[in-house]
Each structure stands twice: as structure tokens, then as C-alpha cells.
Amino acid sequence: MRRRDFLKVAALTPFVLAAGTNVLGQESRPAFHEALYYRKKGSSKVVECLLCPRSCTLPDGATGFCRARKNISGRLYSLGYGSPCAAHIDPVEKKPFFHVLPRTYSFSVASAGCNFRCRFCQNWQISQVSPLETTNVSLPPKDLAAAAAQKDCRSIAYTYTEPTNFYEYMLDTAKTARGRGILNVAHSNGYINPEPLKALCRYMDAVNIDLKGFSEDFYGKLCEGELAPVLLTIKTLKRSGVWVEITNLVIEGYNDDEKMVREMCRWVAKEVGRDVPVHFSRFYPMYKLTGVSPTSVKTLERARDAGFEAGLQFAYIGNVPGHPGENTYCPKCKTILIQRSGYNVLNMTLKNGKCPSCGTKIGGIWAT
Amino acid sequence: MRRILTDEGILVFTVPGSLAYYDRELKDINMSAMATAGKVFAHVAVVPGDENIFLASPSAKGIDLSPQRLESRLRDLRLATRLISLPHLTYRLDRERMEWFRRAVEPSRAEVNRDLAPKGLYYTLAYVNALHTPSMKGLFAAAGRRGIPVFLAALGLFAAGAFLLRNKHRRIPALFVISTTGFVVMLLELSLIFVFQVAYGYVFHEIGILITMLMAGMAAGSMAAARRVTTPGVSKAFMATEASLASFCLLLLILFTLTGHGAGAGGLPGRLLFFALLFVPGFFAGMEFPLAVELCQDKERAGGSVGPVYAGDLAGGFIGGMLGGFFLFPLMGLAMSCLLFGALKAAGLFLLLLSGKRK
Ligand code: SF4
Ligand SMILES: [Zn+2]
């Protein structure tokens, strides 16, 4: 029965469209949409973007650090509105969300650009270019929400690149999706200013934040980013009632220092909540960081143990399919509640968000 | 590969991939791999992922991508695996995703990769360039589309200039010859090293000897020519070396065409042949250098001609080294490149003949 269920879901077209496919949307030029957060600087045509902490000051014709926002005659435009370069149907576990409607599918979209420069980026072909350089399909918010509903997706995921780049598209889609009872979930680096974040939180159901390391040094050297604003984002999300999961990509020799990992876990447990799931994800050589070996399973296990020791209730191991660290255990009686292998849920005993053995309530979104 | 595989054997290799998006470079590299495998094997399948797994086999039976059958085979063989489970296989081998992959790479016009026309090398370089120096993506793409005609036109202009100005300055013919020799010999060396790799599969073990042979040839050539310099036959000797280089290029062209599929080159005799082949262009290049210096001799300042001649030789070599590996060999193929080199040397000979007559 389990197996048949799985196969049925798998047949539900994990991938719907790529450039040029005819399932949804036509190949399109990126549509420009005026940005919501920026201000004019003085009387000239210079603008300052207020969306992320980078605060790019852009003269007429200039494009932001993220390559996704451009000053056209003194007005700031988001370049990727309504025209994603990637749109696929993925298991929600792939995002990864382990506490959000397990075994459901998420209609996942991205348009190009990112406000970080992570040397280990998995999707650098789209994160490190502008929407003007990618092949895109036309998928305005209304159509996107309709397509997700039509494909039986319970959520729309803003993912693959940094969704802050296509903030306006995400926000408008989220509003439409909420109206149709579809969840909004995002996977983000958390590098966004508090004001736009709060506006987004009203429509976001769950966000997975990449907490890439726990030092400014790591963020500066490997991502050309900053840690402090990311931590603020995580706290803001939690306070706004959004379900938060955290992903920590463990790269040996860079961010696997035991002290650092322990400090990070303690921070999460204390400042955000013990029920926040933390995914310790296995690094594979990628993009510009190909000289580093894949993370050993031992290192990941050590990080997970540090998480439990710090008081976290749910620490996972990611990218090691079949590892017991992928399962959800009841924090009280240790019963396996959800058994996974990679993105697949093999078995789920959790009932109404509670442990069937001891009745402990498990944090997450288990029903809509 | 096809020859050593049985009818149900499978060739498996990986190519960079993506589960989110295929940009031009990624499309090309995958399409070229697909076209190349498809040229040799009747059946090719791709399992998409961050690394795409290519499976190529002479028979459809070899490639069985049914998750259920694979899983039952694992069970029959009593192989306990942690990663490879039915859900994992079902996810990785999903038909829709394979279809998506096909559709994603289809718009690419990437061509088949061959031993002596290594298009795949260009696609790989373009991909690595996109990764590390994205600002040069456009240049790479343009070079792929129009690079060869533009390069040939530039070379044609250079040659035409030398022909037109040959009487304006008496050094021009010799400088044209020596700079094109620098260019041609550098590329002949590269092409032979490349073919050595194709034939033996391990160039690094012997690269030192290969390069040394060229150098030895140059030393021997210089010595041989030094004797001629004192005799009045400088011009003739220069023309003779130019003719020899042109013939050598044609000989390589024939060799490359005959052994176009990188037939195994045998043991020691084959290697000795390679060493000899590298010695020869070195020898002629070595000969041309002192002859060119002599021809360009400045009456007042002895040695004043060495600078321009040496500079011309090195500049030619530099341009050859830069363009050859990146663009000429991958885009034109080795045989066509040899034809071009032969033509260049023939042009040099012709120029020497013309300017010789005037005198
Ligand atoms: S969103 Fe882009 S343009 Fe705006 S401040 Fe951040 S990097 Fe700069
Ligand atoms: Zn329990």
C-alpha cells in the first residue's frame, strides 16, 4: 500500500516545465515590475534599494548586486517578475521541509539572481546571473497559483535562487495562493531587511533559512554576506508565526568546528525555539568549491549530536539518503514518527501532529 | 569503447547536470555527450541529477531503467544497500524527469565529439569559463559561432599585408615566415601531444620527452643552419625549410586522416614515431631562425635583426598557443588545422619566391 501510494505520487510529474516546454507558460522575456522597497536619492535619478541589507545605491541604468533589480530612469524595477527560469514540482521534503505537510508536492519556482556569492552554490547557473540572461517562461502570479492547484500541489515554494530577488513576484503570488488555500513556503538565505520581511510574513506559511555558518568570517569569505541580518530574519520569522526550519550545509574545514556548531545550536534553541528543525546537510563539491571533499557522515553525526545536546528537539542529517538521521523521532519517547529515505517518506505514524505513543505535540504544519 | 564492450555491455560516464535549469553551456556539454554516445551506441539513456549519469549500450537490454526490476535484481543478488532503495530508484529514474532533461537540452545544436575534432573540449572549456569567468561567456559563445571565419579572415589579412608590403621593407617576408613558423610549430607540437594522449591515454608520463624532442630538433636545426649562414645559399635554404615545413604539415594531415579514430599506436615503435614527429618541425624551426636573422641583417648594427626575428617567432608561438587549444583544434579539428598550417607555410614559400625574384 505504502509503495503504491508512493508510486502514484511519483507519477505526478515531479517536473513540469523547463525552458520551451508547453505544459505551462510560453517562453518569455522577463517582465519588469516596479520595486516596492526603494527610495530616490536627492533630485538626481539615483535610487537606493531598501530590500536587503546590502542597500545598493544605483545610478540610472545600474543593476543591483543581486543582478535582479535595475534602475531605469530613476525608478527601481524587479527584473524577474512573473517569468521564472525554473519551475518544477518537487517533494516538499526536497526544499527541505520535514515538518510541513509530509508526502505532498510543492510547485517550486525561481527567477535568476542572488544577493550572496556563495562559492559552493548548487544552482549557480541561475543564482549568479540576471533574469535577462536566462530562458524564462511566462507565469504571472494568478497562473502560477492556478497551475499549482491544477497539479495538486499543496504548496508553492520560492526556492532554487534567492527569493528576495523576486520579492514582488513572490509576494503577489503568495497573496493569490493563500486565497486558494495553497501554502507558501520559501527557502532563503535570510538576507532581507526587516520591513519587507514583515510584510511578506503575513502570507508566508513556512520558511527554511540557510544558516550557512556561525561566524561573520565564514559569511564574509565564502558568501560575501553577513551573519547578523540572517539571525535577525530567523527571529523575525519565528515571532511572526511563520514555521521555521534551518539548513546548515556542513563543509569540513570551513564551518564544522565543534565549538562553532555547538554555539549555533545553542543560539537556535535559546533564541528561536527548541522545536525548530535543523538540517545538517552534506556538502558535495560544487561550483567554486570543488577542492573540498564531501562531508563525512561522521562529521554530520557529530553536528546532529551537538544539536541534541544543545536542547534541539529535531536535528536531521540531509543528503545522506537512508541515514537514520533523516527520520523524525518523538523528542519524549523516541518513537519513529516519520521514516524517510532521501525525499521519500516511507512511513508516517504521526497522528494529528502528535506522537501516537505518548501524545507529545510535534511542531510543524501537519494539515491545512 | 564499442569494440571492447560485449553486446550487452554498458558504458557509464557522468556529465555535469542540474535539476533546476540548463543554461547554454550546460545544454551544449550534455547534448554533445548525447550525440557522441548516440553515434557509437544504439541505445543511450540519461539519469538526470546534479551529475547526469549517461548509460550507453549496443542493446536496449543492457539499459534497464525500471526501478522495480532493478530493485528485485538487488534482492535476488542479496545486495544490501542503504542508498539504493525502491523509493530512491523511483525518484532518480522518474520518466517525467528524464523527459524534462531531454526537452531542456534539446535546443542545443552541440556537435559530436571526436578524437581528432574534440568539440567536447570546447563545450567543456565554455562551461568551466562560465563557472569561473562569466564575464567572458559572450566572447566564448561568439568564438564558437563565428570564431573560425573571423580568425581565417584575420590571418588572410595578415598574409595579404605581408604580400603587399613585401617590397616596402626588406625584412617583411622573412618576418612573416618566422612568425608564422612560430605559430605553426607551436600548434604542430600541441597537436602531436594531443594525439599522443588520444593514442596512449597518458600524456603526462612522457610530456617531458615529447617537449624535449621538439627542443632537441630546434637545437639540431640551428646548428645545421649555422653552417649555411656563411655560404651564399641562405635564401635557398630558407625556402627549402619553408617547403619542408609545408610538406610536413601535409604529411601530418594524411596521418591524422588515416588514423582518424585514434587507433592504438602500438608500443615502443609508435612512441619512437611520435618522438621523431616532434623532432622534425623543431628541426626546421631551428633552421629557419638563424637564416631569418641573416636575411634581416642590419649592415650597421650586427645583431640588430635578432630582436625582431625572435619577437616574431615568440609572438607567433604565443598566438598559436592561445588560440590552438581553446578554439582551433576543438572547432576545426586537427586535420583541418594541419591543412591550414600547410597553407600558411606554402604562402610563406610563395612570398619568399616572389621577393627573391625581385632581387
Ligand atoms: S535586493 Fe539586490 S539591489 Fe536591492 S539591496 Fe539587495 S542586492 Fe542590492
Ligand atoms: Zn512520544
# chains A, B, ... in the order shown; residues from 1 in each chain; ligands from 1

call {"tool": "closest_atom_pairs", "arguments": {"of": "chain A", "to": "ligand 2", "cutoff": "9 Å", "atoms": "only C-alpha atoms and all ligand atoms", "output": "Markdown table"}}
result
| residue | atom | partner | partner_atom_place_in_ligand_line | distance |
| --- | --- | --- | --- | --- |
| A:Tyr329 | CA | ligand 2 | 1 (Zn) | 7.8 |
| A:Cys330 | CA | ligand 2 | 1 (Zn) | 4.5 |
| A:Pro331 | CA | ligand 2 | 1 (Zn) | 6.6 |
| A:Lys332 | CA | ligand 2 | 1 (Zn) | 5.1 |
| A:Cys333 | CA | ligand 2 | 1 (Zn) | 4.0 |
| A:Lys334 | CA | ligand 2 | 1 (Zn) | 5.9 |
| A:Thr335 | CA | ligand 2 | 1 (Zn) | 5.6 |
| A:Ile336 | CA | ligand 2 | 1 (Zn) | 8.5 |
| A:Leu337 | CA | ligand 2 | 1 (Zn) | 8.3 |
| A:Lys354 | CA | ligand 2 | 1 (Zn) | 7.9 |
| A:Cys355 | CA | ligand 2 | 1 (Zn) | 4.7 |
| A:Pro356 | CA | ligand 2 | 1 (Zn) | 6.6 |
| A:Ser357 | CA | ligand 2 | 1 (Zn) | 5.0 |
| A:Cys358 | CA | ligand 2 | 1 (Zn) | 4.1 |
| A:Gly359 | CA | ligand 2 | 1 (Zn) | 6.0 |
| A:Thr360 | CA | ligand 2 | 1 (Zn) | 5.5 |
| A:Lys361 | CA | ligand 2 | 1 (Zn) | 8.6 |

call {"tool": "residues_around", "arguments": {"residues": "region 104-120 of chain A", "least_positions_apart": "5", "cutoff": "8 Å", "atoms": "only C-alpha atoms", "output": "VMD selection string"}}
result
chain A and resid 54 65 to 68 80 to 81 83 to 92 126 to 131 134 136 148 152 to 166 191 222 to 225 285 to 289

call {"tool": "interface_residues", "arguments": {"of": "chain B", "to": "chain A", "cutoff": "8 Å", "atoms": "only C-alpha atoms", "output": "list in words"}}
result
Ser18, Ala20, Tyr21, Tyr22, Asp23, Arg82, Leu83, Pro87, His88, Thr90, Tyr91, Asp94, Glu96, Arg97, Trp100, Arg103, Ala104, Leu131 and His132 of chain B

call {"tool": "write_last_selection", "arguments": {"atoms": "C-alpha atoms", "output": "mmCIF file, in the first residue's frame"}}
result
data_model
loop_
_atom_site.group_PDB
_atom_site.id
_atom_site.type_symbol
_atom_site.label_atom_id
_atom_site.label_comp_id
_atom_site.auth_asym_id
_atom_site.auth_seq_id
_atom_site.Cartn_x
_atom_site.Cartn_y
_atom_site.Cartn_z
ATOM 1 C CA SER B 18 21.256 20.316 -12.918
ATOM 2 C CA ALA B 20 16.755 23.160 -11.836
ATOM 3 C CA TYR B 21 17.981 24.793 -15.022
ATOM 4 C CA TYR B 22 20.078 24.255 -18.124
ATOM 5 C CA ASP B 23 21.988 27.229 -19.401
ATOM 6 C CA ARG B 82 21.499 1.922 2.065
ATOM 7 C CA LEU B 83 21.174 4.486 -0.671
ATOM 8 C CA PRO B 87 11.941 4.945 -3.462
ATOM 9 C CA HIS B 88 15.378 6.224 -4.357
ATOM 10 C CA THR B 90 11.864 5.576 -8.410
ATOM 11 C CA TYR B 91 12.898 9.142 -7.738
ATOM 12 C CA ASP B 94 11.495 9.047 -12.978
ATOM 13 C CA GLU B 96 8.992 12.601 -16.466
ATOM 14 C CA ARG B 97 12.269 13.950 -15.245
ATOM 15 C CA TRP B 100 12.299 17.109 -18.895
ATOM 16 C CA ARG B 103 13.473 18.841 -23.543
ATOM 17 C CA ALA B 104 15.842 21.076 -21.600
ATOM 18 C CA LEU B 131 31.768 28.987 -13.975
ATOM 19 C CA HIS B 132 34.919 30.968 -13.285
#

call {"tool": "residues_around", "arguments": {"residues": "Pro281 (chain B)", "least_positions_apart": "5", "cutoff": "12 Å", "atoms": "only C-alpha atoms", "output": "JSON, numbers by chain"}}
result
{"B": [181, 182, 183, 184, 185, 186, 187, 188, 189, 190, 191, 192, 211, 213, 214, 215, 216, 217, 218, 219, 220, 221, 241, 242, 243, 244, 245, 246, 247, 248, 249, 251, 252, 274, 275, 276, 286, 287, 288, 341, 345]}

call {"tool": "residues_around", "arguments": {"residues": "Tyr122 (chain B)", "least_positions_apart": "2", "cutoff": "8 Å", "atoms": "only C-alpha atoms", "output": "PDB file with C-alpha atoms, in the first residue's frame"}}
result
ATOM      1  CA  PRO B 118      37.337  17.438 -29.988  1.00  0.00           C
ATOM      2  CA  LYS B 119      34.216  19.634 -29.951  1.00  0.00           C
ATOM      3  CA  GLY B 120      33.529  18.375 -26.448  1.00  0.00           C
ATOM      4  CA  THR B 124      33.820  21.824 -21.535  1.00  0.00           C
ATOM      5  CA  LEU B 125      36.042  24.891 -21.708  1.00  0.00           C
ATOM      6  CA  ALA B 126      32.997  27.085 -22.296  1.00  0.00           C
ATOM      7  CA  PHE B 326      40.945  26.795 -26.882  1.00  0.00           C
ATOM      8  CA  PHE B 327      39.427  27.205 -30.295  1.00  0.00           C
ATOM      9  CA  PRO B 330      38.179  21.889 -30.900  1.00  0.00           C
ATOM     10  CA  LEU B 331      36.319  23.871 -33.538  1.00  0.00           C
TER      11      LEU B 331
END
